[in-house]
Every structure is written in C-alpha cells, then in structure tokens.
Amino acid sequence: MFIFLVSLLGLLYGALCTKEACLYKAESDCRFYTVIPDRFSGSEEDLRNACTNLNQITNCIKDSVRNCTADDVVHIEEGDRLRQNLKDTQKLLNVTTEICKEDSDLHANFMADMACYQEIIDANNRDQNCRDNTNNAINFIRANIIWKVKARDDQRRSFLECLTVLFDMNCFLEKFVEKCSSRAKDTAIEIIEIGGSLEDQCPVSIRSFILELLGVLETVTGKEIHVRRLIETDSSFS
C-alpha cells in the first residue's frame, strides 16, 4: 500500500522546537521508513500485514515522544527540511491510518481497486511512463511558455516544481480511469487531499497561473486534467 501512496503523492518552516525534534528522533528510532516497501502489493493479506506494522510503528512513535526530553535531541540540527519531513510523515500516517480502518469508506474503496492499483504501479515502475510523460511536458513548457512569463527566476522554478507534481499525479489518475474505474480515480483524489502536500508544492501565490495554464492544456489536448480539482477546491485556499 505505502509504495502506492508515495508514488501517488509525489511524498514546516523555521527552527525545530523540542517536540518536533522528538518526533524526528522517534521516526528514526521506530524505523518509520519500514512502512514503505520496495514494491506495492495488492493482496488483502499484505494490506493487513502493512496495517499491523503501521500500528506498531505508530505506538512506538507515541512512546518515544512521550519519553523524549530536550537532552535527547540536542544534537539534531534545526531547519526547514526536517520540519517539512515531519509534516509529510504526519500526513502519510493520517491517510494510511484511515485506509487501515476496516469500517471506513476509504478502506472499502481502496480495497475494491487495490489489485488494479498494483497493476498500474508495477507497470509504471517498470516502464517509467508517467515520469517520461511528465518530463516531456515540463521540457515543452519550459522551452515554449515559462521563459515568456514575466516573473523572477525563483517564481519560474515554483511554477515548474508545482507542474511536475501535478503532471505526475494526473498521469496516475488518467490510468486509474482508463484501467480501473472512475471510483478508483475518486479514491486516489481523496487520498491526495488527505495525504498530499499541495499547499507547499503548489502555493496559493501561483495557483491562478497554474490553473490558467492547465485550462489551456485541456483545450489544446482535449483531455480532462483531473488534478485541476485539487487546487481549485483546496479548502486551505478558498
């Protein structure tokens, strides 16, 4: 399950406080990275095993933070990147916890299309189609559009970074519609809304430009760009 989420999600700024540093230490102590396997598996047994592992790691993190003191984390460097990692980790924990709740709608919907998700993720890992498509689109936009925009270099970089994330996501969503079902696409969008970091990857300051560009691309290609919904309806920016 988790490699699917990392692929789909494309997975806080200022100095770290003691609590945040303790969380960062807990991730390492509890081997949080073990929830992300080398390969996405689509069987119910593997999902149960992944959820059991997640529950153990979550409890370990809680215990580690509860027993952590400032002296335990004095060696951890402060910085924006660590805080961003913490934020992304918490969102991944939130969405995976919801998927693991057997009485949740997200669990039922994920289970319904899990085998199809596996087929698509495995094919993409083998052929890198989505990454190739994204690279081609970004290279075209960089050569023909971005350089014409009146903006600072850092703003242009933000445009391209946001578009790279959105194009990767949209490629998977297109394949879910084509190979699985419309429900599979809607489930994936819900997962992105809960576990994604679009507020950082596509900040509000550039969204009007991004939406305008995506609208043009929809008109030119004749294809629906599913990720428009994600940055149009994000409640954080409404």
# chains A, B, ... in the order shown; residues from 1 in each chain; ligands from 1
>>> residues_around(residues="stretch 120-135 of chain A", least_positions_apart="6", cutoff="7 Å", atoms="only C-alpha atoms", output="list of chain:residue names")
A:Phe4, A:Thr164, A:Phe167, A:Asp168, A:Cys171
>>> write_last_selection(atoms="N, CA, C and O atoms", output="PDB file, in the first residue's frame")
ATOM      1  N   PHE A   4       2.449   2.648  -3.124  1.00  0.00           N
ATOM      2  CA  PHE A   4       1.407   3.286  -3.932  1.00  0.00           C
ATOM      3  C   PHE A   4       1.195   4.724  -3.493  1.00  0.00           C
ATOM      4  O   PHE A   4       1.127   5.642  -4.316  1.00  0.00           O
ATOM      5  N   THR A 164       5.306  19.776 -12.167  1.00  0.00           N
ATOM      6  CA  THR A 164       5.879  18.435 -12.164  1.00  0.00           C
ATOM      7  C   THR A 164       5.079  17.509 -11.258  1.00  0.00           C
ATOM      8  O   THR A 164       4.741  16.375 -11.623  1.00  0.00           O
ATOM      9  N   PHE A 167       1.506  16.964 -12.885  1.00  0.00           N
ATOM     10  CA  PHE A 167       1.527  16.093 -14.060  1.00  0.00           C
ATOM     11  C   PHE A 167       1.748  14.638 -13.667  1.00  0.00           C
ATOM     12  O   PHE A 167       1.142  13.727 -14.248  1.00  0.00           O
ATOM     13  N   ASP A 168       2.612  14.395 -12.685  1.00  0.00           N
ATOM     14  CA  ASP A 168       2.810  13.028 -12.196  1.00  0.00           C
ATOM     15  C   ASP A 168       1.503  12.468 -11.639  1.00  0.00           C
ATOM     16  O   ASP A 168       1.091  11.342 -11.963  1.00  0.00           O
ATOM     17  N   CYS A 171      -1.120  11.808 -14.388  1.00  0.00           N
ATOM     18  CA  CYS A 171      -0.837  10.611 -15.182  1.00  0.00           C
ATOM     19  C   CYS A 171      -1.401   9.372 -14.509  1.00  0.00           C
ATOM     20  O   CYS A 171      -2.046   8.534 -15.146  1.00  0.00           O
TER      21      CYS A 171
END
>>> closest_atom_pairs(of="stretch 127-176 of chain A", to="stretch 223-229 of chain A", cutoff="10 Å", atoms="only C-alpha atoms", output="JSON lines")
{"residue": "A:Val165", "atom": "CA", "partner": "A:Val227", "partner_atom": "CA", "distance": 9.8}
{"residue": "A:Leu166", "atom": "CA", "partner": "A:Val227", "partner_atom": "CA", "distance": 6.3}
{"residue": "A:Phe167", "atom": "CA", "partner": "A:Val227", "partner_atom": "CA", "distance": 8.1}
{"residue": "A:Asp168", "atom": "CA", "partner": "A:Val227", "partner_atom": "CA", "distance": 9.8}
{"residue": "A:Met169", "atom": "CA", "partner": "A:Val227", "partner_atom": "CA", "distance": 7.1}
{"residue": "A:Asn170", "atom": "CA", "partner": "A:Val227", "partner_atom": "CA", "distance": 5.7}
{"residue": "A:Cys171", "atom": "CA", "partner": "A:Ile225", "partner_atom": "CA", "distance": 9.1}
{"residue": "A:Phe172", "atom": "CA", "partner": "A:His226", "partner_atom": "CA", "distance": 10.0}
{"residue": "A:Leu173", "atom": "CA", "partner": "A:His226", "partner_atom": "CA", "distance": 6.9}
{"residue": "A:Glu174", "atom": "CA", "partner": "A:His226", "partner_atom": "CA", "distance": 7.7}
>>> atom_distance(atom1="atom CA of A:Asn59", atom2="atom CA of A:Leu198")
27.7 Å
>>> residues_around(residues="A:Cys202", least_positions_apart="5", cutoff="9 Å", atoms="only C-alpha atoms", output="count of residues only")
11
>>> atom_distance(atom1="atom CA of A:Gln56", atom2="atom CA of A:Glu190")
25.0 Å
>>> select_by_dssp(residues="stretch 35-228 of chain A", states="helix (DSSP H, G or I)", output="number ranges by chain")
A: 35, 44-66, 70-73, 80-100, 105-127, 129-144, 146-148, 153-180, 182-195, 198-201, 204-221, 228
>>> atom_distance(atom1="atom CA of A:Pro203", atom2="atom CA of A:Phe140")
22.4 Å
>>> residues_around(residues="stretch 104-117 of chain A", least_positions_apart="5", cutoff="10 Å", atoms="only C-alpha atoms", output="PDB file with all heavy atoms, in the first residue's frame")
ATOM      1  N   MET A   1       0.822  -1.212   0.000  1.00  0.00           N
ATOM      2  CA  MET A   1       0.000   0.000   0.000  1.00  0.00           C
ATOM      3  C   MET A   1       0.855   1.260   0.000  1.00  0.00           C
ATOM      4  O   MET A   1       0.574   2.222  -0.682  1.00  0.00           O
ATOM      5  CB  MET A   1      -0.906   0.008   1.231  1.00  0.00           C
ATOM      6  CG  MET A   1      -1.632   1.333   1.448  1.00  0.00           C
ATOM      7  SD  MET A   1      -2.768   1.321   2.835  1.00  0.00           S
ATOM      8  CE  MET A   1      -1.690   1.037   4.205  1.00  0.00           C
ATOM      9  N   PHE A   4       2.449   2.648  -3.124  1.00  0.00           N
ATOM     10  CA  PHE A   4       1.407   3.286  -3.932  1.00  0.00           C
ATOM     11  C   PHE A   4       1.195   4.724  -3.493  1.00  0.00           C
ATOM     12  O   PHE A   4       1.127   5.642  -4.316  1.00  0.00           O
ATOM     13  CB  PHE A   4       0.104   2.497  -3.795  1.00  0.00           C
ATOM     14  CG  PHE A   4      -1.129   3.271  -4.189  1.00  0.00           C
ATOM     15  CD1 PHE A   4      -1.436   3.485  -5.511  1.00  0.00           C
ATOM     16  CD2 PHE A   4      -1.971   3.789  -3.213  1.00  0.00           C
ATOM     17  CE1 PHE A   4      -2.571   4.199  -5.870  1.00  0.00           C
ATOM     18  CE2 PHE A   4      -3.107   4.505  -3.566  1.00  0.00           C
ATOM     19  CZ  PHE A   4      -3.402   4.703  -4.896  1.00  0.00           C
ATOM     20  N   PHE A  40       4.835  -2.324  -4.271  1.00  0.00           N
ATOM     21  CA  PHE A  40       3.444  -2.267  -3.841  1.00  0.00           C
ATOM     22  C   PHE A  40       2.795  -3.628  -4.068  1.00  0.00           C
ATOM     23  O   PHE A  40       2.914  -4.211  -5.142  1.00  0.00           O
ATOM     24  CB  PHE A  40       2.695  -1.205  -4.642  1.00  0.00           C
ATOM     25  CG  PHE A  40       1.206  -1.222  -4.428  1.00  0.00           C
ATOM     26  CD1 PHE A  40       0.677  -0.903  -3.198  1.00  0.00           C
ATOM     27  CD2 PHE A  40       0.345  -1.547  -5.459  1.00  0.00           C
ATOM     28  CE1 PHE A  40      -0.700  -0.919  -2.987  1.00  0.00           C
ATOM     29  CE2 PHE A  40      -1.025  -1.549  -5.264  1.00  0.00           C
ATOM     30  CZ  PHE A  40      -1.550  -1.234  -4.027  1.00  0.00           C
ATOM     31  N   SER A  41       2.137  -4.135  -3.064  1.00  0.00           N
ATOM     32  CA  SER A  41       1.445  -5.411  -3.196  1.00  0.00           C
ATOM     33  C   SER A  41      -0.049  -5.192  -3.055  1.00  0.00           C
ATOM     34  O   SER A  41      -0.493  -4.406  -2.227  1.00  0.00           O
ATOM     35  CB  SER A  41       1.921  -6.399  -2.134  1.00  0.00           C
ATOM     36  OG  SER A  41       1.255  -7.632  -2.295  1.00  0.00           O
ATOM     37  N   GLY A  42      -0.828  -5.912  -3.854  1.00  0.00           N
ATOM     38  CA  GLY A  42      -2.261  -5.676  -3.889  1.00  0.00           C
ATOM     39  C   GLY A  42      -3.106  -6.737  -3.225  1.00  0.00           C
ATOM     40  O   GLY A  42      -4.297  -6.809  -3.491  1.00  0.00           O
ATOM     41  N   SER A  43      -2.527  -7.557  -2.356  1.00  0.00           N
ATOM     42  CA  SER A  43      -3.324  -8.605  -1.717  1.00  0.00           C
ATOM     43  C   SER A  43      -3.847  -8.144  -0.360  1.00  0.00           C
ATOM     44  O   SER A  43      -3.249  -7.301   0.300  1.00  0.00           O
ATOM     45  CB  SER A  43      -2.484  -9.876  -1.529  1.00  0.00           C
ATOM     46  OG  SER A  43      -1.556  -9.710  -0.472  1.00  0.00           O
ATOM     47  N   GLU A  44      -4.982  -8.729   0.059  1.00  0.00           N
ATOM     48  CA  GLU A  44      -5.571  -8.379   1.346  1.00  0.00           C
ATOM     49  C   GLU A  44      -4.637  -8.743   2.496  1.00  0.00           C
ATOM     50  O   GLU A  44      -4.533  -8.008   3.482  1.00  0.00           O
ATOM     51  CB  GLU A  44      -6.909  -9.100   1.510  1.00  0.00           C
ATOM     52  CG  GLU A  44      -7.999  -8.599   0.571  1.00  0.00           C
ATOM     53  CD  GLU A  44      -9.348  -9.225   0.874  1.00  0.00           C
ATOM     54  OE1 GLU A  44      -9.609  -9.484   2.074  1.00  0.00           O
ATOM     55  OE2 GLU A  44     -10.128  -9.452  -0.063  1.00  0.00           O
ATOM     56  N   LEU A  47      -1.981  -6.173   2.834  1.00  0.00           N
ATOM     57  CA  LEU A  47      -2.533  -4.947   3.410  1.00  0.00           C
ATOM     58  C   LEU A  47      -2.686  -5.102   4.926  1.00  0.00           C
ATOM     59  O   LEU A  47      -2.333  -4.187   5.680  1.00  0.00           O
ATOM     60  CB  LEU A  47      -3.877  -4.612   2.773  1.00  0.00           C
ATOM     61  CG  LEU A  47      -4.583  -3.375   3.336  1.00  0.00           C
ATOM     62  CD1 LEU A  47      -3.737  -2.126   3.146  1.00  0.00           C
ATOM     63  CD2 LEU A  47      -5.952  -3.184   2.696  1.00  0.00           C
ATOM     64  N   VAL A  95      -3.260   9.369   6.359  1.00  0.00           N
ATOM     65  CA  VAL A  95      -4.001   8.733   5.275  1.00  0.00           C
ATOM     66  C   VAL A  95      -3.894   7.215   5.361  1.00  0.00           C
ATOM     67  O   VAL A  95      -4.869   6.498   5.091  1.00  0.00           O
ATOM     68  CB  VAL A  95      -3.526   9.258   3.895  1.00  0.00           C
ATOM     69  CG1 VAL A  95      -2.143   8.756   3.538  1.00  0.00           C
ATOM     70  CG2 VAL A  95      -4.527   8.861   2.805  1.00  0.00           C
ATOM     71  N   THR A  96      -2.733   6.697   5.760  1.00  0.00           N
ATOM     72  CA  THR A  96      -2.606   5.250   5.876  1.00  0.00           C
ATOM     73  C   THR A  96      -3.432   4.714   7.046  1.00  0.00           C
ATOM     74  O   THR A  96      -4.003   3.621   6.957  1.00  0.00           O
ATOM     75  CB  THR A  96      -1.133   4.833   6.046  1.00  0.00           C
ATOM     76  OG1 THR A  96      -0.532   5.601   7.094  1.00  0.00           O
ATOM     77  CG2 THR A  96      -0.354   5.067   4.766  1.00  0.00           C
ATOM     78  N   THR A  97      -3.511   5.482   8.116  1.00  0.00           N
ATOM     79  CA  THR A  97      -4.352   5.077   9.250  1.00  0.00           C
ATOM     80  C   THR A  97      -5.811   4.990   8.828  1.00  0.00           C
ATOM     81  O   THR A  97      -6.535   4.047   9.210  1.00  0.00           O
ATOM     82  CB  THR A  97      -4.199   6.065  10.419  1.00  0.00           C
ATOM     83  OG1 THR A  97      -2.836   6.062  10.866  1.00  0.00           O
ATOM     84  CG2 THR A  97      -5.103   5.688  11.581  1.00  0.00           C
ATOM     85  N   GLU A  98      -6.256   5.943   8.019  1.00  0.00           N
ATOM     86  CA  GLU A  98      -7.645   5.930   7.551  1.00  0.00           C
ATOM     87  C   GLU A  98      -7.895   4.738   6.628  1.00  0.00           C
ATOM     88  O   GLU A  98      -8.945   4.094   6.704  1.00  0.00           O
ATOM     89  CB  GLU A  98      -7.963   7.240   6.821  1.00  0.00           C
ATOM     90  CG  GLU A  98      -9.422   7.434   6.469  1.00  0.00           C
ATOM     91  CD  GLU A  98     -10.332   7.556   7.678  1.00  0.00           C
ATOM     92  OE1 GLU A  98      -9.839   7.908   8.769  1.00  0.00           O
ATOM     93  OE2 GLU A  98     -11.551   7.284   7.534  1.00  0.00           O
ATOM     94  N   ILE A  99      -6.931   4.433   5.758  1.00  0.00           N
ATOM     95  CA  ILE A  99      -7.083   3.274   4.873  1.00  0.00           C
ATOM     96  C   ILE A  99      -7.139   1.985   5.682  1.00  0.00           C
ATOM     97  O   ILE A  99      -7.852   1.043   5.325  1.00  0.00           O
ATOM     98  CB  ILE A  99      -5.925   3.228   3.857  1.00  0.00           C
ATOM     99  CG1 ILE A  99      -6.049   4.377   2.845  1.00  0.00           C
ATOM    100  CG2 ILE A  99      -5.898   1.894   3.106  1.00  0.00           C
ATOM    101  CD1 ILE A  99      -4.865   4.516   1.912  1.00  0.00           C
ATOM    102  N   ASP A 122       3.018  -1.187 -10.737  1.00  0.00           N
ATOM    103  CA  ASP A 122       4.067  -2.090 -11.211  1.00  0.00           C
ATOM    104  C   ASP A 122       4.479  -1.746 -12.634  1.00  0.00           C
ATOM    105  O   ASP A 122       5.677  -1.734 -12.961  1.00  0.00           O
ATOM    106  CB  ASP A 122       3.590  -3.542 -11.152  1.00  0.00           C
ATOM    107  CG  ASP A 122       3.567  -4.094  -9.736  1.00  0.00           C
ATOM    108  OD1 ASP A 122       4.109  -3.427  -8.828  1.00  0.00           O
ATOM    109  OD2 ASP A 122       2.999  -5.177  -9.536  1.00  0.00           O
ATOM    110  N   ALA A 123       3.503  -1.464 -13.484  1.00  0.00           N
ATOM    111  CA  ALA A 123       3.812  -1.117 -14.879  1.00  0.00           C
ATOM    112  C   ALA A 123       4.596   0.180 -14.956  1.00  0.00           C
ATOM    113  O   ALA A 123       5.549   0.307 -15.740  1.00  0.00           O
ATOM    114  CB  ALA A 123       2.518  -1.009 -15.689  1.00  0.00           C
ATOM    115  N   PHE A 172      -1.175   9.263 -13.195  1.00  0.00           N
ATOM    116  CA  PHE A 172      -1.731   8.123 -12.467  1.00  0.00           C
ATOM    117  C   PHE A 172      -3.256   8.156 -12.493  1.00  0.00           C
ATOM    118  O   PHE A 172      -3.905   7.118 -12.692  1.00  0.00           O
ATOM    119  CB  PHE A 172      -1.236   8.114 -11.025  1.00  0.00           C
ATOM    120  CG  PHE A 172       0.169   7.613 -10.859  1.00  0.00           C
ATOM    121  CD1 PHE A 172       1.189   8.472 -10.489  1.00  0.00           C
ATOM    122  CD2 PHE A 172       0.470   6.283 -11.088  1.00  0.00           C
ATOM    123  CE1 PHE A 172       2.488   8.015 -10.347  1.00  0.00           C
ATOM    124  CE2 PHE A 172       1.768   5.805 -10.946  1.00  0.00           C
ATOM    125  CZ  PHE A 172       2.780   6.673 -10.570  1.00  0.00           C
ATOM    126  N   LYS A 175      -4.628   6.912 -15.731  1.00  0.00           N
ATOM    127  CA  LYS A 175      -4.505   5.452 -15.856  1.00  0.00           C
ATOM    128  C   LYS A 175      -5.524   4.748 -14.981  1.00  0.00           C
ATOM    129  O   LYS A 175      -6.044   3.682 -15.355  1.00  0.00           O
ATOM    130  CB  LYS A 175      -3.084   5.015 -15.516  1.00  0.00           C
ATOM    131  CG  LYS A 175      -2.048   5.481 -16.542  1.00  0.00           C
ATOM    132  CD  LYS A 175      -0.657   5.015 -16.201  1.00  0.00           C
ATOM    133  CE  LYS A 175       0.368   5.543 -17.218  1.00  0.00           C
ATOM    134  NZ  LYS A 175       0.093   5.072 -18.579  1.00  0.00           N
ATOM    135  N   PHE A 176      -5.849   5.322 -13.816  1.00  0.00           N
ATOM    136  CA  PHE A 176      -6.864   4.720 -12.953  1.00  0.00           C
ATOM    137  C   PHE A 176      -8.226   4.737 -13.649  1.00  0.00           C
ATOM    138  O   PHE A 176      -8.990   3.778 -13.548  1.00  0.00           O
ATOM    139  CB  PHE A 176      -6.947   5.458 -11.619  1.00  0.00           C
ATOM    140  CG  PHE A 176      -5.707   5.359 -10.778  1.00  0.00           C
ATOM    141  CD1 PHE A 176      -5.428   6.323  -9.823  1.00  0.00           C
ATOM    142  CD2 PHE A 176      -4.811   4.314 -10.949  1.00  0.00           C
ATOM    143  CE1 PHE A 176      -4.281   6.239  -9.040  1.00  0.00           C
ATOM    144  CE2 PHE A 176      -3.651   4.226 -10.177  1.00  0.00           C
ATOM    145  CZ  PHE A 176      -3.396   5.199  -9.215  1.00  0.00           C
ATOM    146  N   LYS A 179      -7.841   2.139 -16.759  1.00  0.00           N
ATOM    147  CA  LYS A 179      -7.643   0.724 -16.467  1.00  0.00           C
ATOM    148  C   LYS A 179      -8.525   0.199 -15.337  1.00  0.00           C
ATOM    149  O   LYS A 179      -8.807  -1.004 -15.280  1.00  0.00           O
ATOM    150  CB  LYS A 179      -6.177   0.471 -16.082  1.00  0.00           C
ATOM    151  CG  LYS A 179      -5.172   0.861 -17.153  1.00  0.00           C
ATOM    152  CD  LYS A 179      -5.230  -0.054 -18.361  1.00  0.00           C
ATOM    153  CE  LYS A 179      -4.105   0.261 -19.342  1.00  0.00           C
ATOM    154  NZ  LYS A 179      -4.149  -0.636 -20.528  1.00  0.00           N
ATOM    155  N   CYS A 180      -8.927   1.071 -14.428  1.00  0.00           N
ATOM    156  CA  CYS A 180      -9.675   0.625 -13.242  1.00  0.00           C
ATOM    157  C   CYS A 180     -11.121   1.090 -13.325  1.00  0.00           C
ATOM    158  O   CYS A 180     -11.962   0.405 -13.891  1.00  0.00           O
ATOM    159  CB  CYS A 180      -9.010   1.157 -11.968  1.00  0.00           C
ATOM    160  SG  CYS A 180      -7.242   0.746 -11.807  1.00  0.00           S
ATOM    161  N   SER A 181     -11.400   2.264 -12.775  1.00  0.00           N
ATOM    162  CA  SER A 181     -12.763   2.786 -12.759  1.00  0.00           C
ATOM    163  C   SER A 181     -12.720   4.249 -12.359  1.00  0.00           C
ATOM    164  O   SER A 181     -11.715   4.740 -11.849  1.00  0.00           O
ATOM    165  CB  SER A 181     -13.627   2.009 -11.755  1.00  0.00           C
ATOM    166  OG  SER A 181     -13.139   2.213 -10.433  1.00  0.00           O
ATOM    167  N   ARG A 183     -14.372   5.336  -9.928  1.00  0.00           N
ATOM    168  CA  ARG A 183     -14.269   5.277  -8.467  1.00  0.00           C
ATOM    169  C   ARG A 183     -12.814   5.235  -8.022  1.00  0.00           C
ATOM    170  O   ARG A 183     -12.434   5.870  -7.038  1.00  0.00           O
ATOM    171  CB  ARG A 183     -14.990   4.039  -7.954  1.00  0.00           C
ATOM    172  CG  ARG A 183     -14.892   3.837  -6.443  1.00  0.00           C
ATOM    173  CD  ARG A 183     -15.319   2.441  -6.040  1.00  0.00           C
ATOM    174  NE  ARG A 183     -14.528   1.450  -6.743  1.00  0.00           N
ATOM    175  CZ  ARG A 183     -15.013   0.272  -7.162  1.00  0.00           C
ATOM    176  NH1 ARG A 183     -16.266  -0.037  -6.943  1.00  0.00           N
ATOM    177  NH2 ARG A 183     -14.240  -0.581  -7.809  1.00  0.00           N
ATOM    178  N   ALA A 184     -11.988   4.492  -8.751  1.00  0.00           N
ATOM    179  CA  ALA A 184     -10.564   4.392  -8.403  1.00  0.00           C
ATOM    180  C   ALA A 184      -9.896   5.760  -8.466  1.00  0.00           C
ATOM    181  O   ALA A 184      -9.070   6.108  -7.616  1.00  0.00           O
ATOM    182  CB  ALA A 184      -9.855   3.414  -9.337  1.00  0.00           C
ATOM    183  N   LYS A 185     -10.283   6.539  -9.462  1.00  0.00           N
ATOM    184  CA  LYS A 185      -9.750   7.903  -9.583  1.00  0.00           C
ATOM    185  C   LYS A 185     -10.210   8.769  -8.422  1.00  0.00           C
ATOM    186  O   LYS A 185      -9.412   9.502  -7.820  1.00  0.00           O
ATOM    187  CB  LYS A 185     -10.178   8.512 -10.924  1.00  0.00           C
ATOM    188  CG  LYS A 185      -9.670   9.920 -11.178  1.00  0.00           C
ATOM    189  CD  LYS A 185     -10.764  10.980 -11.001  1.00  0.00           C
ATOM    190  CE  LYS A 185     -11.954  10.767 -11.872  1.00  0.00           C
ATOM    191  NZ  LYS A 185     -13.006  11.796 -11.716  1.00  0.00           N
ATOM    192  N   ASP A 186     -11.490   8.685  -8.076  1.00  0.00           N
ATOM    193  CA  ASP A 186     -12.021   9.489  -6.972  1.00  0.00           C
ATOM    194  C   ASP A 186     -11.373   9.097  -5.644  1.00  0.00           C
ATOM    195  O   ASP A 186     -11.103   9.961  -4.796  1.00  0.00           O
ATOM    196  CB  ASP A 186     -13.539   9.323  -6.886  1.00  0.00           C
ATOM    197  CG  ASP A 186     -14.270   9.958  -8.063  1.00  0.00           C
ATOM    198  OD1 ASP A 186     -13.676  10.845  -8.715  1.00  0.00           O
ATOM    199  OD2 ASP A 186     -15.413   9.561  -8.338  1.00  0.00           O
ATOM    200  N   THR A 187     -11.139   7.807  -5.447  1.00  0.00           N
ATOM    201  CA  THR A 187     -10.460   7.349  -4.230  1.00  0.00           C
ATOM    202  C   THR A 187      -9.046   7.913  -4.169  1.00  0.00           C
ATOM    203  O   THR A 187      -8.592   8.372  -3.106  1.00  0.00           O
ATOM    204  CB  THR A 187     -10.404   5.809  -4.190  1.00  0.00           C
ATOM    205  OG1 THR A 187     -11.733   5.283  -4.216  1.00  0.00           O
ATOM    206  CG2 THR A 187      -9.692   5.321  -2.938  1.00  0.00           C
ATOM    207  N   ALA A 188      -8.349   7.883  -5.298  1.00  0.00           N
ATOM    208  CA  ALA A 188      -6.986   8.415  -5.337  1.00  0.00           C
ATOM    209  C   ALA A 188      -6.977   9.912  -5.044  1.00  0.00           C
ATOM    210  O   ALA A 188      -6.090  10.412  -4.335  1.00  0.00           O
ATOM    211  CB  ALA A 188      -6.354   8.139  -6.697  1.00  0.00           C
ATOM    212  N   GLU A 190      -9.133  11.508  -3.177  1.00  0.00           N
ATOM    213  CA  GLU A 190      -9.360  11.647  -1.740  1.00  0.00           C
ATOM    214  C   GLU A 190      -8.072  11.398  -0.960  1.00  0.00           C
ATOM    215  O   GLU A 190      -7.765  12.105   0.009  1.00  0.00           O
ATOM    216  CB  GLU A 190     -10.450  10.669  -1.276  1.00  0.00           C
ATOM    217  CG  GLU A 190     -10.776  10.804   0.207  1.00  0.00           C
ATOM    218  CD  GLU A 190     -11.869   9.855   0.672  1.00  0.00           C
ATOM    219  OE1 GLU A 190     -12.413   9.105  -0.180  1.00  0.00           O
ATOM    220  OE2 GLU A 190     -12.177   9.853   1.886  1.00  0.00           O
ATOM    221  N   ILE A 191      -7.300  10.405  -1.387  1.00  0.00           N
ATOM    222  CA  ILE A 191      -6.029  10.103  -0.730  1.00  0.00           C
ATOM    223  C   ILE A 191      -5.074  11.277  -0.855  1.00  0.00           C
ATOM    224  O   ILE A 191      -4.391  11.655   0.109  1.00  0.00           O
ATOM    225  CB  ILE A 191      -5.415   8.822  -1.328  1.00  0.00           C
ATOM    226  CG1 ILE A 191      -6.218   7.597  -0.874  1.00  0.00           C
ATOM    227  CG2 ILE A 191      -3.944   8.679  -0.928  1.00  0.00           C
ATOM    228  CD1 ILE A 191      -5.838   6.314  -1.582  1.00  0.00           C
TER     229      ILE A 191
END
>>> residues_around(residues="A:Lys91", least_positions_apart="3", cutoff="6 Å", atoms="only C-alpha atoms", output="ChimeraX atom specification")
/A:88,94,195
